[in-house]
Amino acid sequence: MRFLKCLFVGCLSMVSLTSHAETIKSLYQVREPVSSQTPEERDQATQRALDTLVLRLTGDPKAAQNPGLAAVRKDPQQIISQFGYDAGPPQVLKVDFDPATTEQALRRAGLAVWGANRPSILGWWLNDSAEGSSLVGDGQASATPLRRAAQHRGLPLRLPLADLDEQIVATAPNLESADPAPLRGASDRYNADALLAVHAREEGGQWQAKWRLWLGDQKEAGSVQGADTAALADAVMLAVSQRLAPRFVAKPGASSEQLLEVQGMNLERYATLGRLLEPFGARLQSVDGDRVLYRVNGSSDQLRAQLSLAKLQEIPAGEAPAPTAPVQPVAVGSTPTAAPALAPTPQLRFRW
């Protein structure tokens with residue numbers, strides 16, 4: 001039986017499954033615009049890249065000024081693996097930070113890190129300008145600043161096709177409405193975790209936008225301004241990132257080691273769960289039929305938010321656990337055997 005369980009777990013690690021959440025492969029690469037390739041300009045851009053990365057990984061606008069990062073700010077090269085220039089336009093300094101040393105520096109400074117597995121966002125973006133009104137669609141030139149801004153802020157952004165049916169739905173009133181129902185119907189085929197609605201308008205040479213975000217039971221809204229579409233897109237993505245981060249980044253001291261049980265497992269779900277629990281240092285404790293038990297490090301709220309990306313449902317604390325093998329009675333006159341050790345009680349229980 002033990003052999004079968006080991007074989008089961010070993011086979012599971014080879015299976016991949018497409019889930020809603022996405023793993024950002026370029027999370028530790030930052031691109032900063034530059035006007036030249038002089039050493040002074042490079043050093044200034046490197047500092048901006050470091051600030052951008054720290055904000056991207058923590059969601060805290062004050063994190064870059066943490067005293068624990070003073071040595072890294074003085075010499076960012078200690079956490080940089082390579083850098084180079086892209087001609088553009090615009091010309092940018094491309095800085096690749098080393099994930100391991102960067103995370104070590106942040107954790108030594110007492111800062112928690114938002115992992116690379118993040119909720120996918122479907123963006124409905126309507127631009128109103130003197131040239132008219134247009135819905136930004138996947139593959140259009142107007143999508144470029146949105147994608148660059150999302151990458152800059154560490155968000156996995158998806159865009160709709162913007163076909164005729166979607167243009168009829170994605171109107172200014174629907175994008176500014178607090179009711180996401182009209183957009184949800186058009187969003188189903190994109191299978192994203194979060195829904196972002198943005199109505200951008202150009203007035204007097206300046207751009208401003210109202211935005212709304214829905215992720216599960218979380219609702220966020222705000223307004224931003226920018227000198228052009230690129231600046232406006234970056235302002236929107238920055239605001240969205242800062243609203244999302246507290247849900248997935250545990251505050252220092254709030255994390256603890258606990259046991260997590262998940263029911264309804266199969267080969268595909270095991271692979272998905274492994275990716276979701278990677279930021280929590282998950283260690284598999286046991287496999288019992290379709291139930292698995294993990295030891296993880298993280299706050300309960302952070303784990304709930306992360307598991308919600310795969311649509312797992314939390315089992316209420318008062319609900320009885322799944323049945324286990326019954327205890328056999330001891331016959332009269334026989335020698336009782338030692339009772340098996342009680343299974344540890346998980347603090348959190350979920351099911352698919």
# chains A, B, ... in the order shown; residues from 1 in each chain; ligands from 1
>>> residues_around(residues="Leu213 in chain A", least_positions_apart="3", cutoff="8 Å", atoms="only C-alpha atoms", output="list in words")
Ala194, Leu195, Leu196, Ala197, Gln218, Lys219, Glu220, Ala221 and Val240 of chain A
>>> select_by_dssp(residues="range 131-262 of chain A", states="alpha helix (DSSP H)", output="count of residues only")
47
>>> atom_distance(atom1="CA of Leu232 in chain A", atom2="CA of Leu157 in chain A")
15.5 Å
>>> residues_around(residues="range 170-187 of chain A", least_positions_apart="6", cutoff="12 Å", atoms="only C-alpha atoms", output="ChimeraX atom specification")
/A:121-128,133-137,158-164,193-201,209-217,219-223
>>> closest_atom_pairs(of="range 115-233 of chain A", to="range 275-280 of chain A", cutoff="12 Å", atoms="only C-alpha atoms", output="CSV")
residue,atom,partner,partner_atom,distance
A:Gly115,CA,A:Pro279,CA,5.8
A:Ala116,CA,A:Pro279,CA,8.3
A:Asn117,CA,A:Leu276,CA,6.7
A:Arg118,CA,A:Leu276,CA,9.1
A:Pro119,CA,A:Leu276,CA,10.7
>>> write_last_selection(atoms="C-alpha atoms", output="PDB file, in the first residue's frame")
ATOM      1  CA  GLY A 115       4.874  34.710  -5.067  1.00  0.00           C
ATOM      2  CA  ALA A 116       4.911  34.332  -8.836  1.00  0.00           C
ATOM      3  CA  ASN A 117       1.572  32.481  -8.891  1.00  0.00           C
ATOM      4  CA  ARG A 118      -0.947  35.320  -9.204  1.00  0.00           C
ATOM      5  CA  PRO A 119      -4.608  35.728 -10.178  1.00  0.00           C
TER       6      PRO A 119
END
>>> residues_around(residues="range 145-156 of chain A", least_positions_apart="2", cutoff="7 Å", atoms="only C-alpha atoms", output="ChimeraX atom specification")
/A:22,24,27,30,56,120-121,142-143,158,229-230,233-234,237-238,241
>>> closest_residue(among="A:Gln82, A:Gln285, A:Gln306, A:Gln242", to="Leu260 in chain A", atoms="only C-alpha atoms")
A:Gln285
>>> residues_around(residues="Ile315 in chain A", least_positions_apart="5", cutoff="7 Å", atoms="only C-alpha atoms", output="PyMOL selection string")
chain A and resi 349-351
>>> write_last_selection(atoms="C-alpha atoms", output="mmCIF file, in the first residue's frame")
data_model
loop_
_atom_site.group_PDB
_atom_site.id
_atom_site.type_symbol
_atom_site.label_atom_id
_atom_site.label_comp_id
_atom_site.auth_asym_id
_atom_site.auth_seq_id
_atom_site.Cartn_x
_atom_site.Cartn_y
_atom_site.Cartn_z
ATOM 1 C CA ARG A 349 -9.683 21.853 5.485
ATOM 2 C CA PHE A 350 -10.704 22.333 1.843
ATOM 3 C CA ARG A 351 -12.390 20.303 -0.858
#
>>> atom_distance(atom1="CA of Leu93 in chain A", atom2="CA of Leu57 in chain A")
19.5 Å
>>> residues_around(residues="Gly68 in chain A", least_positions_apart="3", cutoff="12 Å", atoms="only C-alpha atoms", output="list of chain:residue names")
A:Ala63, A:Ala64, A:Gln65, A:Ala71, A:Val72, A:Arg73, A:Lys74, A:Gln104, A:Ala105, A:Leu106, A:Arg107, A:Arg108, A:Ala109, A:Gly110, A:Leu111
>>> atom_distance(atom1="CA of Thr46 in chain A", atom2="CA of Val249 in chain A")
24.9 Å
>>> residues_around(residues="Asp301 in chain A", least_positions_apart="3", cutoff="8 Å", atoms="only C-alpha atoms", output="ChimeraX atom specification")
/A:247,304-305
